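One file, structure.cif, is given below (mmCIF, C-alpha atoms).
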data_entry
loop_
_atom_site.label_atom_id
_atom_site.label_comp_id
_atom_site.auth_asym_id
_atom_site.auth_seq_id
_atom_site.Cartn_x
_atom_site.Cartn_y
_atom_site.Cartn_z
CA MET A 1 -5.29 -5.90 -26.61
CA ASN A 2 -7.78 -3.53 -25.04
CA SER A 3 -6.35 -0.16 -25.97
CA MET A 4 -8.56 1.59 -23.37
CA ILE A 5 -6.59 0.17 -20.44
CA ARG A 6 -3.29 0.82 -22.21
CA ASP A 7 -4.28 4.41 -23.05
CA GLN A 8 -5.65 5.18 -19.58
CA LEU A 9 -2.57 3.70 -17.94
CA ALA A 10 -0.35 5.86 -20.16
CA ASP A 11 -2.46 8.91 -19.30
CA VAL A 12 -2.11 8.31 -15.55
CA LYS A 13 1.64 7.72 -15.88
CA LYS A 14 2.06 11.08 -17.60
CA HIS A 15 1.09 12.79 -14.32
CA ILE A 16 3.28 10.70 -12.04
CA PRO A 17 6.91 11.71 -11.38
CA ALA A 18 9.67 9.12 -11.60
CA HIS A 19 10.10 8.84 -7.82
CA VAL A 20 6.45 7.85 -7.29
CA THR A 21 5.39 4.20 -7.64
CA LEU A 22 2.09 3.64 -9.44
CA ILE A 23 0.13 0.74 -7.97
CA ALA A 24 -2.66 -0.38 -10.29
CA VAL A 25 -5.57 -1.29 -8.02
CA SER A 26 -6.99 -4.34 -9.72
CA LYS A 27 -9.52 -5.60 -7.16
CA THR A 28 -12.61 -7.20 -8.76
CA LYS A 29 -11.01 -6.89 -12.20
CA PRO A 30 -10.64 -9.99 -14.38
CA ILE A 31 -7.23 -11.52 -15.01
CA GLU A 32 -7.42 -10.39 -18.67
CA ALA A 33 -7.55 -6.74 -17.56
CA LEU A 34 -4.47 -7.18 -15.38
CA GLN A 35 -2.69 -8.92 -18.24
CA GLU A 36 -3.45 -5.96 -20.50
CA ALA A 37 -1.98 -3.54 -17.98
CA TYR A 38 1.01 -5.86 -17.57
CA ASP A 39 1.52 -5.97 -21.34
CA ALA A 40 1.52 -2.17 -21.30
CA GLY A 41 4.39 -2.20 -18.80
CA GLN A 42 2.65 -2.13 -15.41
CA ARG A 43 4.32 -4.29 -12.71
CA HIS A 44 2.87 -3.13 -9.37
CA PHE A 45 -0.68 -4.31 -8.67
CA GLY A 46 -2.81 -3.74 -5.56
CA GLU A 47 -5.50 -6.08 -4.27
CA ASN A 48 -7.86 -5.77 -1.31
CA LYS A 49 -8.76 -9.40 -0.73
CA VAL A 50 -6.30 -12.16 0.04
CA GLN A 51 -8.09 -14.94 -1.83
CA GLU A 52 -8.50 -12.88 -4.99
CA MET A 53 -4.85 -11.85 -4.88
CA ALA A 54 -3.64 -15.43 -4.44
CA GLU A 55 -5.73 -16.60 -7.40
CA LYS A 56 -4.43 -13.84 -9.64
CA GLU A 57 -0.84 -14.35 -8.53
CA ALA A 58 -1.04 -18.00 -9.61
CA ALA A 59 -2.38 -17.07 -13.06
CA LEU A 60 -0.20 -14.08 -13.96
CA PRO A 61 3.52 -13.49 -14.70
CA GLU A 62 5.96 -14.06 -11.87
CA ASP A 63 7.63 -10.65 -11.99
CA ILE A 64 4.48 -8.82 -10.83
CA GLN A 65 4.92 -7.10 -7.47
CA TRP A 66 1.77 -7.61 -5.42
CA HIS A 67 0.60 -5.06 -2.87
CA LEU A 68 -2.03 -6.03 -0.30
CA ILE A 69 -3.82 -2.73 0.29
CA GLY A 70 -6.98 -3.89 2.09
CA HIS A 71 -7.51 -4.73 5.75
CA LEU A 72 -5.63 -7.94 6.57
CA GLN A 73 -6.85 -10.50 9.09
CA THR A 74 -4.17 -12.49 10.89
CA ASN A 75 -5.61 -15.84 9.77
CA LYS A 76 -5.22 -14.86 6.10
CA VAL A 77 -1.53 -13.88 6.15
CA LYS A 78 -0.36 -17.42 5.38
CA TYR A 79 -2.01 -17.37 1.94
CA ILE A 80 0.13 -14.49 0.64
CA ALA A 81 3.33 -14.71 2.72
CA GLU A 82 5.19 -16.60 0.01
CA PHE A 83 4.83 -13.94 -2.68
CA VAL A 84 3.45 -10.60 -1.44
CA HIS A 85 5.76 -7.67 -2.23
CA CYS A 86 4.32 -5.22 0.30
CA ILE A 87 1.53 -5.20 2.90
CA HIS A 88 0.12 -1.67 3.17
CA SER A 89 -2.24 -2.33 6.06
CA LEU A 90 -0.14 -3.21 9.10
CA ASP A 91 -2.19 -1.81 11.97
CA SER A 92 -1.43 -3.89 15.08
CA LEU A 93 1.33 -5.74 16.90
CA LYS A 94 -0.65 -8.96 16.60
CA LEU A 95 -0.73 -8.66 12.81
CA ALA A 96 2.98 -7.76 12.72
CA GLN A 97 3.79 -10.90 14.72
CA GLU A 98 1.76 -13.08 12.37
CA ILE A 99 3.34 -11.58 9.23
CA ASN A 100 6.75 -12.15 10.81
CA LYS A 101 5.90 -15.78 11.63
CA GLN A 102 4.65 -16.57 8.13
CA ALA A 103 7.54 -14.71 6.46
CA LYS A 104 10.01 -16.79 8.49
CA LYS A 105 8.42 -20.00 7.19
CA HIS A 106 9.26 -18.91 3.65
CA ASP A 107 12.67 -17.51 4.61
CA ARG A 108 11.54 -14.05 3.53
CA ILE A 109 11.50 -10.53 4.88
CA ILE A 110 8.16 -8.93 4.00
CA ASN A 111 7.90 -5.19 3.35
CA CYS A 112 5.14 -3.51 5.36
CA LEU A 113 3.63 -0.06 5.68
CA LEU A 114 2.11 1.14 8.93
CA GLN A 115 -1.50 2.09 8.24
CA PHE A 116 -2.75 5.27 9.89
CA HIS A 117 -6.28 6.49 10.38
CA ILE A 118 -6.25 9.99 8.88
CA ALA A 119 -9.82 10.25 7.56
CA GLN A 120 -12.90 11.65 9.28
CA GLU A 121 -14.85 8.46 8.62
CA GLU A 122 -15.05 5.99 11.46
CA THR A 123 -15.01 2.96 9.20
CA LYS A 124 -11.36 3.18 8.18
CA PHE A 125 -8.75 1.05 9.90
CA GLY A 126 -5.42 2.31 11.13
CA LEU A 127 -3.20 3.40 13.96
CA ASP A 128 -2.78 6.83 15.49
CA LEU A 129 0.68 8.24 16.16
CA GLN A 130 0.64 7.33 19.85
CA GLU A 131 -0.27 3.70 19.14
CA ALA A 132 2.41 3.44 16.45
CA THR A 133 5.06 5.00 18.69
CA SER A 134 4.40 2.65 21.59
CA MET A 135 4.35 -0.37 19.24
CA LEU A 136 7.64 0.57 17.54
CA ALA A 137 9.31 1.25 20.88
CA GLY A 138 8.25 -2.07 22.39
CA GLU A 139 10.59 -5.04 22.75
CA ALA A 140 8.02 -7.40 21.20
CA PHE A 141 8.07 -5.43 17.97
CA LYS A 142 11.82 -4.93 17.93
CA SER A 143 12.32 -8.71 18.04
CA LEU A 144 10.55 -9.24 14.70
CA GLU A 145 13.27 -9.96 12.15
CA ASN A 146 11.20 -11.02 9.12
CA ILE A 147 9.27 -7.82 8.51
CA ARG A 148 10.67 -4.58 7.17
CA ILE A 149 8.82 -1.33 7.84
CA ILE A 150 9.33 0.78 4.72
CA GLY A 151 6.88 3.61 5.37
CA VAL A 152 3.30 4.62 6.09
CA MET A 153 -0.10 4.38 4.41
CA GLY A 154 -3.37 6.23 4.83
CA MET A 155 -6.66 6.92 3.08
CA ALA A 156 -8.18 10.36 2.91
CA SER A 157 -11.89 10.96 3.50
CA PHE A 158 -14.23 10.50 0.53
CA VAL A 159 -15.29 14.13 0.40
CA GLU A 160 -15.39 16.92 -2.17
CA ASP A 161 -13.50 19.31 0.10
CA GLU A 162 -10.02 19.52 -1.35
CA ASN A 163 -8.70 21.42 1.69
CA GLN A 164 -9.77 18.62 4.00
CA ILE A 165 -8.14 16.01 1.75
CA ARG A 166 -4.92 18.01 1.59
CA HIS A 167 -4.92 18.41 5.36
CA GLU A 168 -5.28 14.64 5.82
CA PHE A 169 -2.41 13.99 3.41
CA GLN A 170 -0.30 16.56 5.28
CA THR A 171 -1.14 14.77 8.53
CA LEU A 172 0.17 11.47 7.14
CA LYS A 173 3.34 13.09 5.80
CA ALA A 174 3.93 14.68 9.22
CA ILE A 175 3.51 11.27 10.88
CA PHE A 176 6.03 9.82 8.43
CA ASP A 177 8.52 12.61 9.21
CA THR A 178 8.09 12.10 12.97
CA LEU A 179 8.63 8.34 12.79
CA LYS A 180 11.59 8.77 10.44
CA VAL A 181 13.38 10.93 13.00
CA GLN A 182 12.34 8.89 16.02
CA PHE A 183 12.78 5.31 14.82
CA PHE A 184 14.17 5.08 11.29
CA SER A 185 16.77 7.82 10.92
CA ASN A 186 19.46 5.33 9.90
CA GLN A 187 17.20 3.23 7.66
CA SER A 188 17.12 4.28 4.03
CA VAL A 189 14.36 1.72 3.34
CA PHE A 190 11.90 3.77 5.42
CA LYS A 191 10.96 6.12 2.60
CA GLU A 192 7.43 5.33 1.37
CA VAL A 193 4.31 7.42 1.89
CA SER A 194 1.42 5.50 0.33
CA MET A 195 -1.49 7.89 -0.18
CA GLY A 196 -3.68 9.00 -3.03
CA MET A 197 -6.21 7.15 -5.18
CA SER A 198 -7.90 7.81 -8.52
CA GLY A 199 -9.74 10.91 -7.29
CA ASP A 200 -6.95 12.57 -5.34
CA TYR A 201 -3.55 11.17 -6.36
CA LEU A 202 -2.38 14.47 -7.86
CA GLN A 203 -2.91 16.28 -4.54
CA ALA A 204 -1.29 13.36 -2.72
CA ILE A 205 1.86 13.63 -4.85
CA GLN A 206 2.01 17.37 -4.15
CA GLU A 207 1.84 16.59 -0.43
CA GLY A 208 4.67 14.05 -0.53
CA SER A 209 3.21 10.73 -1.63
CA THR A 210 5.69 8.18 -3.02
CA MET A 211 3.09 5.49 -3.82
CA VAL A 212 -0.32 6.10 -5.38
CA ARG A 213 -3.06 3.46 -5.57
CA VAL A 214 -5.03 4.04 -8.76
CA GLY A 215 -7.83 1.78 -9.94
CA SER A 216 -10.78 3.27 -11.80
CA SER A 217 -8.64 5.77 -13.72
CA ILE A 218 -6.83 2.79 -15.27
CA PHE A 219 -9.41 0.01 -15.44
CA GLY A 220 -12.62 2.04 -15.58
CA ILE A 221 -15.34 2.24 -12.94
CA ARG A 222 -16.11 -1.03 -11.16
#
What does this structure look like when you write it as structure tokens?
Amino acid sequence: MNSMIRDQLADVKKHIPAHVTLIAVSKTKPIEALQEAYDAGQRHFGENKVQEMAEKEAALPEDIQWHLIGHLQTNKVKYIAEFVHCIHSLDSLKLAQEINKQAKKHDRIINCLLQFHIAQEETKFGLDLQEATSMLAGEAFKSLENIRIIGVMGMASFVEDENQIRHEFQTLKAIFDTLKVQFFSNQSVFKEVSMGMSGDYLQAIQEGSTMVRVGSSIFGIR
């Protein structure tokens, strides 16, 4: 077994409190690398691309919990609906309706996080608070019985400025708090704030993250 992955995984875990879920971001990594992390006790894995995730899911142990953390196109949902543990990138009613439809086919309820655009960069996907509020309040969304909104997700800007990163994390946590009060006050499942990656997960945890998505600190630089 590659002790580097095991050691780096253990090192990351030392910094993560018990209430925070570590998602090992395994995109572009070979199946052997995921197996090594699995053998070292890791069970949550995050992938960006649907096809890559489906191939890995078929080759790896069944008790892995797969997180789709990349942008998801509606026509790709069907390939992961049978097994995905959580979709982090729900950013439109159309996508929610498709996830619901595919989940129903497999008699499942799929966990989803609402993705918010908190970064300065224009390239990132995600909702703003107004869009999310009108979607959640709408009858079309309320009728979806096969998806479960368990929290929010966002990506901070790729910048050196720690204050800016902290501010963006604080923005996402504030959005979570607002939605919790407005729409999910009676739902204990709405509790996840997915933010923080290899470069900034420690700040993210300080600002209220409950899920961190760490890749290069575990598997090495791509």
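Residues surrounding Met211 in chain A within 10 Å are Ile16, His19, Val20, Thr21, Leu22, Ile23, Val152, Met153, Glu192, Val193, Ser194, Met195, Gly196, Met197, Tyr201, Ala204 and Ile205 of chain A [all atoms listed in the file; sequence separation below 6 positions excluded].
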Fill in: Residue neighbourhood Asn111 in chain A, 10 Å, all atoms listed in the file, exclusion window fewer than 5 positions, as a PyMOL selection string
chain A and resi 67+84-88+99+146-151+189
Within 8 Å of range 72-74 of chain A, counting all atoms listed in the file, which residues show up once you throw out same-chain ones fewer than 5 positions away? Write them as a compact mmCIF listing (two decimals) with C-alpha atoms, in the coordinates of the input, please.
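Written output follows (selection_0.txt):
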# COMPACT_ATOMS: atom_id res chain seq x y z
CA VAL A 50 -6.30 -12.16 0.04
CA SER A 89 -2.24 -2.33 6.06
CA LEU A 90 -0.14 -3.21 9.10
CA LYS A 94 -0.65 -8.96 16.60
CA LEU A 95 -0.73 -8.66 12.81
CA GLU A 98 1.76 -13.08 12.37
CA ILE A 99 3.34 -11.58 9.23
Worksheet item: Could you list as a ChimeraX atom specification every residue that has an atom within 12 Å of (10.9, -16.5, 7.6), using the file's coordinates and counting all atoms listed in the file?
Response: /A:78,81-82,97-110,144-148
Worksheet, complete the sentence: From CA of Phe45 in chain A to CA of Asp11 in chain A the spacing works out at 17.1 Å
Worksheet item: Pick the closest to Gly208 in chain A from A:Phe184, A:Pro17, A:Leu179, A:Ile31: which is it, counting all atoms listed in the file?
Response: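 Of A:Phe184, A:Pro17, A:Leu179, A:Ile31, the one nearest Gly208 in chain A, counting all atoms listed in the file, is A:Pro17.
CA of Ala40 in chain A is positioned 22.1 Å from CA of Ala54 in chain A.
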Worksheet, complete the sentence: Pairwise distance, CA of Lys14 in chain A with CA of Gln42 in chain A, equals 13.4 Å
Discussion item. As a check of understanding, name the residues that the PyMOL selection byres ((chain A and resi 120-132) around 8) selects in the supplied structure, as a PyMOL selection string.
Written reply: chain A and resi 71+89-92+114-119+133-136+154-155+157+175
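Applied to this file, the PyMOL selection byres ((chain A and resi 220) around 10) selects Met4, Ile5, Gln8, Lys29, Gly215, Ser216, Ser217, Ile218, Phe219, Ile221 and Arg222 of chain A.
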Worksheet item: Given the file above and the PyMOL selection byres ((chain A and resi 49) around 8), which residues are selected, and can you give them as a VMD selection string?
Response: chain A and resid 27 47 to 48 50 to 53 68 70
Fill in: Shell of 9 Å around range 57-61 of chain A, all atoms listed in the file, local chain residues under 5 positions omitted, as a VMD selection string
chain A and resid 31 34 to 35 38 52 66 83
Create the file for the chosen residues now, containing C-alpha atoms and written as a PDB file, in the frame of the given file.
ATOM      1  CA  ILE A  31      -7.230 -11.520 -15.010  1.00  0.00           C
ATOM      2  CA  LEU A  34      -4.470  -7.180 -15.380  1.00  0.00           C
ATOM      3  CA  GLN A  35      -2.690  -8.920 -18.240  1.00  0.00           C
ATOM      4  CA  TYR A  38       1.010  -5.860 -17.570  1.00  0.00           C
ATOM      5  CA  GLU A  52      -8.500 -12.880  -4.990  1.00  0.00           C
ATOM      6  CA  TRP A  66       1.770  -7.610  -5.420  1.00  0.00           C
ATOM      7  CA  PHE A  83       4.830 -13.940  -2.680  1.00  0.00           C
TER       8      PHE A  83
END
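Proximity to Glu36 in chain A was assessed for A:Ile165, A:Ser3, A:Lys13, A:Phe176 counting all atoms listed in the file; the smallest distance is recorded for A:Ser3.
Candidate residues A:Ala18, A:Val12, A:Leu202, A:Ala24 were compared for distance to Ile69 in chain A, and the nearest is A:Ala24, using only C-alpha atoms.
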Let me know the centre plus edge lengths, in Å and rounded to one decimal, of a box with edges along x, y and z that contains all listed atoms of range 181-189 of chain A and is padded by 8 Å on every side, as lines of an AutoDock Vina configuration file.
center_x = 15.9
center_y = 6.3
center_z = 9.7
size_x = 23.1
size_y = 25.2
size_z = 28.7
Worksheet item: Which one of A:Asn186, A:Gln206, A:Ala140, A:Arg43 sits closest to Ser26 in chain A if you count only C-alpha atoms?
Response: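 Result for the nearest residue to Ser26 in chain A: A:Arg43.
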